[in-house]
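J.: Data: structure.tsv, TSV, C-alpha atoms.
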chain	number	residue	atom	x	y	z
R	1	ALA	CA	67.39	140.30	81.19
R	2	VAL	CA	69.46	141.50	84.16
R	3	ASN	CA	72.22	142.77	81.87
R	4	LEU	CA	69.64	144.69	79.85
R	5	TYR	CA	68.15	146.16	83.04
R	6	PHE	CA	71.53	147.49	84.18
R	7	LEU	CA	72.41	148.72	80.71
R	8	LYS	CA	69.09	150.59	80.42
R	9	ILE	CA	69.28	152.13	83.89
R	10	CYS	CA	73.00	152.94	84.02
R	11	GLY	CA	74.23	153.08	80.44
R	12	ASP	CA	72.71	156.34	79.27
R	13	ASN	CA	73.86	158.25	82.35
R	14	VAL	CA	77.42	156.96	82.05
R	15	GLU	CA	77.43	157.78	78.32
R	16	ASP	CA	76.20	161.32	79.07
R	17	ARG	CA	79.05	161.76	81.57
R	18	LEU	CA	81.83	160.28	79.40
R	19	GLY	CA	80.62	161.05	75.88
R	20	PRO	CA	80.02	158.37	73.23
R	21	LYS	CA	83.68	157.68	72.34
R	22	TRP	CA	84.89	157.12	75.91
R	23	TYR	CA	81.71	155.20	76.72
R	24	LEU	CA	82.33	152.82	73.82
R	25	LEU	CA	85.94	152.37	74.93
R	26	LEU	CA	84.77	151.58	78.47
R	27	PHE	CA	82.10	149.15	77.24
R	28	LEU	CA	84.43	147.28	74.87
R	29	GLY	CA	87.41	147.32	77.25
R	30	ALA	CA	85.43	146.02	80.23
R	31	GLY	CA	83.78	143.40	78.02
R	32	LEU	CA	87.08	142.22	76.60
R	33	LEU	CA	88.89	142.11	79.94
R	34	GLY	CA	85.92	140.52	81.72
R	35	GLY	CA	85.65	137.86	79.02
R	36	LEU	CA	89.39	137.25	79.19
R	37	MET	CA	89.26	136.80	82.96
R	38	HIS	CA	86.37	134.37	82.61
R	39	ALA	CA	88.16	132.41	79.88
R	40	LEU	CA	91.39	132.18	81.90
R	41	LEU	CA	89.74	131.12	85.15
R	42	THR	CA	87.22	128.67	83.67
R	43	ALA	CA	89.30	127.19	80.84
R	44	ASN	CA	88.40	123.61	81.82
R	45	SER	CA	84.67	124.15	82.28
R	46	GLY	CA	83.57	123.17	78.77
R	47	LEU	CA	80.64	125.60	78.95
R	48	PRO	CA	80.61	128.31	76.28
R	49	MET	CA	80.21	131.92	77.25
R	50	LEU	CA	78.20	134.37	75.24
R	51	GLY	CA	76.96	137.77	76.32
R	52	ALA	CA	77.85	141.22	77.51
R	53	SER	CA	78.27	140.43	81.20
R	54	GLY	CA	81.74	141.94	81.54
R	55	ALA	CA	80.86	145.04	79.51
R	56	VAL	CA	77.69	145.77	81.48
R	57	SER	CA	79.53	145.17	84.75
R	58	GLY	CA	82.09	147.77	83.68
R	59	ILE	CA	79.27	150.24	83.04
R	60	LEU	CA	77.91	149.44	86.51
R	61	ALA	CA	81.33	150.26	87.99
R	62	ALA	CA	81.36	153.60	86.19
R	63	TYR	CA	77.81	154.31	87.35
R	64	VAL	CA	78.64	153.84	91.03
R	65	TRP	CA	81.78	155.99	90.55
R	66	PHE	CA	79.94	158.91	88.93
R	67	PHE	CA	76.51	158.61	90.59
R	68	PRO	CA	76.97	157.04	94.05
R	69	ASP	CA	73.90	158.68	95.59
R	70	VAL	CA	71.37	157.79	92.89
R	71	ARG	CA	68.87	155.18	94.05
R	72	LEU	CA	68.55	151.95	92.07
R	73	GLY	CA	65.47	149.73	92.19
R	74	LEU	CA	65.79	146.13	93.29
R	75	LEU	CA	63.08	143.47	93.29
R	76	PRO	CA	64.67	140.45	94.95
R	77	LEU	CA	62.89	137.16	94.46
R	78	TRP	CA	62.66	136.43	98.18
R	79	TRP	CA	61.30	139.93	98.86
R	80	PHE	CA	58.71	139.39	96.14
R	81	PHE	CA	57.31	136.33	97.92
R	82	LEU	CA	57.46	137.77	101.43
R	83	ARG	CA	56.18	141.28	100.82
R	84	GLY	CA	54.40	141.33	97.51
R	85	ARG	CA	55.53	143.30	94.50
R	86	HIS	CA	57.41	146.08	96.26
R	87	TRP	CA	60.70	147.43	95.00
R	88	ILE	CA	63.60	148.19	97.32
R	89	HIS	CA	65.45	151.41	96.44
R	90	LEU	CA	69.09	151.61	97.50
R	91	ARG	CA	71.76	154.17	96.72
R	92	ALA	CA	74.21	152.91	94.12
R	93	MET	CA	77.04	153.05	96.66
R	94	PHE	CA	75.16	150.43	98.74
R	95	TYR	CA	73.51	148.50	95.91
R	96	VAL	CA	76.68	147.74	93.96
R	97	PRO	CA	78.64	146.21	96.87
R	98	ILE	CA	75.63	143.95	97.50
R	99	TRP	CA	75.64	143.01	93.80
R	100	PHE	CA	79.38	142.31	94.02
R	101	MET	CA	78.92	140.09	97.09
R	102	ILE	CA	76.21	138.17	95.23
R	103	GLN	CA	78.78	137.47	92.50
R	104	VAL	CA	81.28	136.19	95.08
R	105	THR	CA	78.55	134.07	96.70
R	106	MET	CA	77.66	132.54	93.33
R	107	LEU	CA	81.34	131.64	92.90
R	108	ALA	CA	81.45	130.07	96.36
R	109	PHE	CA	78.40	127.93	95.61
R	110	GLY	CA	79.59	127.00	92.14
R	111	VAL	CA	76.59	128.40	90.27
R	112	GLN	CA	76.65	127.21	86.66
R	113	GLY	CA	75.37	129.01	83.58
R	114	ILE	CA	76.34	132.53	84.68
R	115	ALA	CA	79.67	134.06	83.69
R	116	VAL	CA	80.47	135.25	87.20
R	117	TRP	CA	84.18	135.73	86.48
R	118	ALA	CA	83.20	137.92	83.52
R	119	HIS	CA	81.05	140.01	85.88
R	120	ILE	CA	83.89	140.38	88.38
R	121	GLY	CA	86.58	140.97	85.75
R	122	GLY	CA	84.45	143.46	83.83
R	123	PHE	CA	83.58	145.32	87.02
R	124	LEU	CA	87.21	145.58	88.13
R	125	ALA	CA	88.34	146.60	84.64
R	126	GLY	CA	85.52	149.14	84.46
R	127	LEU	CA	86.47	150.55	87.84
R	128	ALA	CA	90.11	150.97	86.79
R	129	MET	CA	89.16	152.48	83.42
R	130	THR	CA	86.64	154.82	85.06
R	131	TRP	CA	89.21	156.02	87.57
R	132	TRP	CA	91.53	156.90	84.67
R	133	MET	CA	88.76	158.51	82.61
R	134	ALA	CA	87.46	160.52	85.57
R	135	THR	CA	90.90	162.01	86.15
R	136	HIS	CA	91.96	162.50	82.51
R	137	THR	CA	88.83	163.39	80.52
R	138	PRO	CA	86.44	166.33	80.85
R	139	ASP	CA	82.81	165.87	81.82
R	140	ALA	CA	81.11	165.51	78.43
R	141	ARG	CA	77.96	167.22	79.70
R	142	ILE	CA	79.88	170.37	80.59
R	143	ALA	CA	81.95	170.26	77.39
R	144	HIS	CA	78.74	170.00	75.35
R	145	LEU	CA	77.17	173.00	77.11
R	146	ALA	CA	80.39	175.02	76.82
R	147	GLY	CA	80.46	174.35	73.08
R	148	ARG	CA	76.87	175.51	72.69
R	149	ILE	CA	77.54	178.67	74.70
R	150	ALA	CA	80.69	179.40	72.68
R	151	ALA	CA	78.69	179.01	69.47
R	152	GLY	CA	76.17	181.54	70.75
R	153	GLU	CA	73.33	179.02	70.98
R	154	PRO	CA	70.69	179.53	73.64
R	155	VAL	CA	71.03	177.16	76.58
R	156	SER	CA	68.03	176.73	78.82
R	157	GLY	CA	68.08	175.56	82.41
R	158	LEU	CA	71.18	177.48	83.48
Turn the structure described in the file into structure tokens.
T.:
Amino acid sequence: AVNLYFLKICGDNVEDRLGPKWYLLLFLGAGLLGGLMHALLTANSGLPMLGASGAVSGILAAYVWFFPDVRLGLLPLWWFFLRGRHWIHLRAMFYVPIWFMIQVTMLAFGVQGIAVWAHIGGFLAGLAMTWWMATHTPDARIAHLAGRIAAGEPVSGL
């Protein structure tokens, strides 16, 4: 459910920024590298891993890179019991380091059943891939608008 939340909130914005081909490369690359990191560091665990944890974590890395000031909603369990059903809204540049520290804390406490190394590996891979993509690929939103203008199509909102 948490992976789906992050994919829904962050995925479409990152895809708009990168375009579908680069987005797919980021998703698959972060997923593969995150899964590989998890497999290498938990080879003796005996627990299978299934899911898109590394891929979604890579998308989260791209989101904080491209949209650091956008506010993300958080409904922590402890906050829910103390304050009622109120969401906390934090900028991505603050939210994501908290998320990352939660991953490290889960490692420290030996939480089972969550592919924490896939989260961390996917995030780091996504951050590295996003850095490269941000410096070597055009903004897909601008390229799309430029193509429409060049074709003589009307573009509203400019």
J.: Just to confirm, what's the straight-line distance from atom CA of R:Leu74 to atom CA of R:Leu18 in Å (one decimal)?
T.: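 It comes out at 25.5 Å.
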J.: Take atom CA of R:Val111 and atom CA of R:Trp65 and report the distance between them in Å, one decimal.
T.: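 Interatomic distance here is 28.1 Å.
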J.: So that I can check the surroundings of stretch 35-37 of chain R, please list as a list in words every protein, DNA and RNA residue that reaches within 12 Å of it, counting only C-alpha atoms and ignoring chain neighbours fewer than 5 positions away.
T.: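 Contacts, in chain order: Phe27, Leu28, Gly29, Ala30, Thr42, Ala43, Pro48, Met49, Leu50, Gly51, Ala52, Ser53, Gly54, Ala55, Val56, Ser57, Gly58, Ala115, Val116, Trp117, Ala118, His119, Ile120, Gly121, Gly122, Phe123, Leu124 and Ala125 of chain R.
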J.: So that I can check the surroundings of R:Ala62, please list as a count of residues only every protein, DNA and RNA residue that reaches within 7 Å of it, counting all atoms listed in the file and ignoring chain neighbours fewer than 5 positions away.
T.: 4
J.: Just give me the gap between atom CA of R:Leu25 and atom CA of R:Arg148 in Å, one decimal is fine.
T.: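 It comes out at 25.0 Å.
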J.: Please write as a VMD selection string the list of polymer residues whose atoms come within 12 Å of (79.2, 164.3, 81.4), counting all atoms listed in the file and keeping to the coordinates of the file.
T.: chain R and resid 12 to 20 22 to 23 62 to 63 66 to 67 133 to 134 137 to 146
J.: Include C-alpha atoms and write out the residues we just selected as a tab-separated table (two decimals), in the coordinates of the input.
T.:
chain	number	residue	atom	x	y	z
R	12	ASP	CA	72.71	156.34	79.27
R	13	ASN	CA	73.86	158.25	82.35
R	14	VAL	CA	77.42	156.96	82.05
R	15	GLU	CA	77.43	157.78	78.32
R	16	ASP	CA	76.20	161.32	79.07
R	17	ARG	CA	79.05	161.76	81.57
R	18	LEU	CA	81.83	160.28	79.40
R	19	GLY	CA	80.62	161.05	75.88
R	20	PRO	CA	80.02	158.37	73.23
R	22	TRP	CA	84.89	157.12	75.91
R	23	TYR	CA	81.71	155.20	76.72
R	62	ALA	CA	81.36	153.60	86.19
R	63	TYR	CA	77.81	154.31	87.35
R	66	PHE	CA	79.94	158.91	88.93
R	67	PHE	CA	76.51	158.61	90.59
R	133	MET	CA	88.76	158.51	82.61
R	134	ALA	CA	87.46	160.52	85.57
R	137	THR	CA	88.83	163.39	80.52
R	138	PRO	CA	86.44	166.33	80.85
R	139	ASP	CA	82.81	165.87	81.82
R	140	ALA	CA	81.11	165.51	78.43
R	141	ARG	CA	77.96	167.22	79.70
R	142	ILE	CA	79.88	170.37	80.59
R	143	ALA	CA	81.95	170.26	77.39
R	144	HIS	CA	78.74	170.00	75.35
R	145	LEU	CA	77.17	173.00	77.11
R	146	ALA	CA	80.39	175.02	76.82
J.: Show me as number ranges by chain the residues that reach within 8 Å of (72.2, 154.0, 95.6), counting only C-alpha atoms and using the file's own coordinates.
T.: R: 64, 68-72, 89-96
J.: What would stretch 26-51 of chain R look like with N, CA, C and O atoms in place, written as a PDB file, in the coordinates of the input?
T.:
ATOM      1  N   LEU R  26      85.042 152.221  77.184  1.00  0.00           N
ATOM      2  CA  LEU R  26      84.770 151.580  78.470  1.00  0.00           C
ATOM      3  C   LEU R  26      83.998 150.279  78.274  1.00  0.00           C
ATOM      4  O   LEU R  26      84.355 149.235  78.830  1.00  0.00           O
ATOM      5  N   PHE R  27      82.954 150.324  77.477  1.00  0.00           N
ATOM      6  CA  PHE R  27      82.100 149.150  77.240  1.00  0.00           C
ATOM      7  C   PHE R  27      82.915 148.015  76.621  1.00  0.00           C
ATOM      8  O   PHE R  27      82.896 146.877  77.112  1.00  0.00           O
ATOM      9  N   LEU R  28      83.659 148.319  75.556  1.00  0.00           N
ATOM     10  CA  LEU R  28      84.430 147.280  74.870  1.00  0.00           C
ATOM     11  C   LEU R  28      85.606 146.785  75.730  1.00  0.00           C
ATOM     12  O   LEU R  28      85.885 145.582  75.776  1.00  0.00           O
ATOM     13  N   GLY R  29      86.278 147.707  76.408  1.00  0.00           N
ATOM     14  CA  GLY R  29      87.410 147.320  77.250  1.00  0.00           C
ATOM     15  C   GLY R  29      86.984 146.438  78.416  1.00  0.00           C
ATOM     16  O   GLY R  29      87.612 145.404  78.691  1.00  0.00           O
ATOM     17  N   ALA R  30      85.925 146.826  79.106  1.00  0.00           N
ATOM     18  CA  ALA R  30      85.430 146.020  80.230  1.00  0.00           C
ATOM     19  C   ALA R  30      84.926 144.668  79.734  1.00  0.00           C
ATOM     20  O   ALA R  30      85.149 143.640  80.380  1.00  0.00           O
ATOM     21  N   GLY R  31      84.262 144.662  78.589  1.00  0.00           N
ATOM     22  CA  GLY R  31      83.780 143.400  78.020  1.00  0.00           C
ATOM     23  C   GLY R  31      84.915 142.474  77.653  1.00  0.00           C
ATOM     24  O   GLY R  31      84.887 141.272  77.957  1.00  0.00           O
ATOM     25  N   LEU R  32      85.934 143.024  77.010  1.00  0.00           N
ATOM     26  CA  LEU R  32      87.080 142.220  76.600  1.00  0.00           C
ATOM     27  C   LEU R  32      87.843 141.685  77.815  1.00  0.00           C
ATOM     28  O   LEU R  32      88.148 140.481  77.894  1.00  0.00           O
ATOM     29  N   LEU R  33      88.137 142.540  78.769  1.00  0.00           N
ATOM     30  CA  LEU R  33      88.890 142.110  79.940  1.00  0.00           C
ATOM     31  C   LEU R  33      88.076 141.176  80.831  1.00  0.00           C
ATOM     32  O   LEU R  33      88.619 140.218  81.396  1.00  0.00           O
ATOM     33  N   GLY R  34      86.779 141.429  80.952  1.00  0.00           N
ATOM     34  CA  GLY R  34      85.920 140.520  81.720  1.00  0.00           C
ATOM     35  C   GLY R  34      85.837 139.154  81.069  1.00  0.00           C
ATOM     36  O   GLY R  34      85.926 138.121  81.744  1.00  0.00           O
ATOM     37  N   GLY R  35      85.680 139.132  79.747  1.00  0.00           N
ATOM     38  CA  GLY R  35      85.650 137.860  79.020  1.00  0.00           C
ATOM     39  C   GLY R  35      86.963 137.117  79.120  1.00  0.00           C
ATOM     40  O   GLY R  35      86.993 135.889  79.262  1.00  0.00           O
ATOM     41  N   LEU R  36      88.065 137.865  79.065  1.00  0.00           N
ATOM     42  CA  LEU R  36      89.390 137.250  79.190  1.00  0.00           C
ATOM     43  C   LEU R  36      89.576 136.635  80.576  1.00  0.00           C
ATOM     44  O   LEU R  36      90.079 135.507  80.699  1.00  0.00           O
ATOM     45  N   MET R  37      89.151 137.344  81.605  1.00  0.00           N
ATOM     46  CA  MET R  37      89.260 136.800  82.960  1.00  0.00           C
ATOM     47  C   MET R  37      88.432 135.530  83.095  1.00  0.00           C
ATOM     48  O   MET R  37      88.885 134.537  83.669  1.00  0.00           O
ATOM     49  N   HIS R  38      87.225 135.560  82.556  1.00  0.00           N
ATOM     50  CA  HIS R  38      86.370 134.370  82.610  1.00  0.00           C
ATOM     51  C   HIS R  38      87.011 133.207  81.862  1.00  0.00           C
ATOM     52  O   HIS R  38      87.040 132.075  82.363  1.00  0.00           O
ATOM     53  N   ALA R  39      87.549 133.472  80.681  1.00  0.00           N
ATOM     54  CA  ALA R  39      88.160 132.410  79.880  1.00  0.00           C
ATOM     55  C   ALA R  39      89.384 131.817  80.588  1.00  0.00           C
ATOM     56  O   ALA R  39      89.582 130.599  80.572  1.00  0.00           O
ATOM     57  N   LEU R  40      90.190 132.662  81.215  1.00  0.00           N
ATOM     58  CA  LEU R  40      91.390 132.180  81.900  1.00  0.00           C
ATOM     59  C   LEU R  40      91.065 131.363  83.152  1.00  0.00           C
ATOM     60  O   LEU R  40      91.727 130.370  83.444  1.00  0.00           O
ATOM     61  N   LEU R  41      90.038 131.780  83.877  1.00  0.00           N
ATOM     62  CA  LEU R  41      89.740 131.120  85.150  1.00  0.00           C
ATOM     63  C   LEU R  41      88.766 129.950  85.029  1.00  0.00           C
ATOM     64  O   LEU R  41      88.553 129.231  85.999  1.00  0.00           O
ATOM     65  N   THR R  42      88.158 129.799  83.857  1.00  0.00           N
ATOM     66  CA  THR R  42      87.220 128.670  83.670  1.00  0.00           C
ATOM     67  C   THR R  42      87.581 127.901  82.405  1.00  0.00           C
ATOM     68  O   THR R  42      86.702 127.356  81.744  1.00  0.00           O
ATOM     69  N   ALA R  43      88.862 127.821  82.091  1.00  0.00           N
ATOM     70  CA  ALA R  43      89.300 127.190  80.840  1.00  0.00           C
ATOM     71  C   ALA R  43      88.887 125.728  80.740  1.00  0.00           C
ATOM     72  O   ALA R  43      88.655 125.222  79.646  1.00  0.00           O
ATOM     73  N   ASN R  44      88.746 125.037  81.840  1.00  0.00           N
ATOM     74  CA  ASN R  44      88.400 123.610  81.820  1.00  0.00           C
ATOM     75  C   ASN R  44      86.914 123.344  81.970  1.00  0.00           C
ATOM     76  O   ASN R  44      86.514 122.190  82.101  1.00  0.00           O
ATOM     77  N   SER R  45      86.086 124.374  81.989  1.00  0.00           N
ATOM     78  CA  SER R  45      84.670 124.150  82.280  1.00  0.00           C
ATOM     79  C   SER R  45      83.925 123.475  81.127  1.00  0.00           C
ATOM     80  O   SER R  45      83.005 122.720  81.352  1.00  0.00           O
ATOM     81  N   GLY R  46      84.277 123.752  79.895  1.00  0.00           N
ATOM     82  CA  GLY R  46      83.570 123.170  78.770  1.00  0.00           C
ATOM     83  C   GLY R  46      82.272 123.872  78.417  1.00  0.00           C
ATOM     84  O   GLY R  46      81.636 123.555  77.418  1.00  0.00           O
ATOM     85  N   LEU R  47      81.845 124.833  79.242  1.00  0.00           N
ATOM     86  CA  LEU R  47      80.640 125.600  78.950  1.00  0.00           C
ATOM     87  C   LEU R  47      81.008 126.833  78.139  1.00  0.00           C
ATOM     88  O   LEU R  47      81.921 127.570  78.511  1.00  0.00           O
ATOM     89  N   PRO R  48      80.318 127.086  77.048  1.00  0.00           N
ATOM     90  CA  PRO R  48      80.610 128.310  76.280  1.00  0.00           C
ATOM     91  C   PRO R  48      80.085 129.534  77.004  1.00  0.00           C
ATOM     92  O   PRO R  48      79.172 129.449  77.824  1.00  0.00           O
ATOM     93  N   MET R  49      80.678 130.668  76.690  1.00  0.00           N
ATOM     94  CA  MET R  49      80.210 131.920  77.250  1.00  0.00           C
ATOM     95  C   MET R  49      79.826 132.850  76.108  1.00  0.00           C
ATOM     96  O   MET R  49      80.571 133.003  75.152  1.00  0.00           O
ATOM     97  N   LEU R  50      78.667 133.427  76.232  1.00  0.00           N
ATOM     98  CA  LEU R  50      78.200 134.370  75.240  1.00  0.00           C
ATOM     99  C   LEU R  50      77.419 135.451  75.968  1.00  0.00           C
ATOM    100  O   LEU R  50      76.570 135.152  76.806  1.00  0.00           O
ATOM    101  N   GLY R  51      77.712 136.705  75.689  1.00  0.00           N
ATOM    102  CA  GLY R  51      76.960 137.770  76.320  1.00  0.00           C
ATOM    103  C   GLY R  51      77.820 138.979  76.609  1.00  0.00           C
ATOM    104  O   GLY R  51      79.013 139.008  76.309  1.00  0.00           O
TER     105      GLY R  51
END
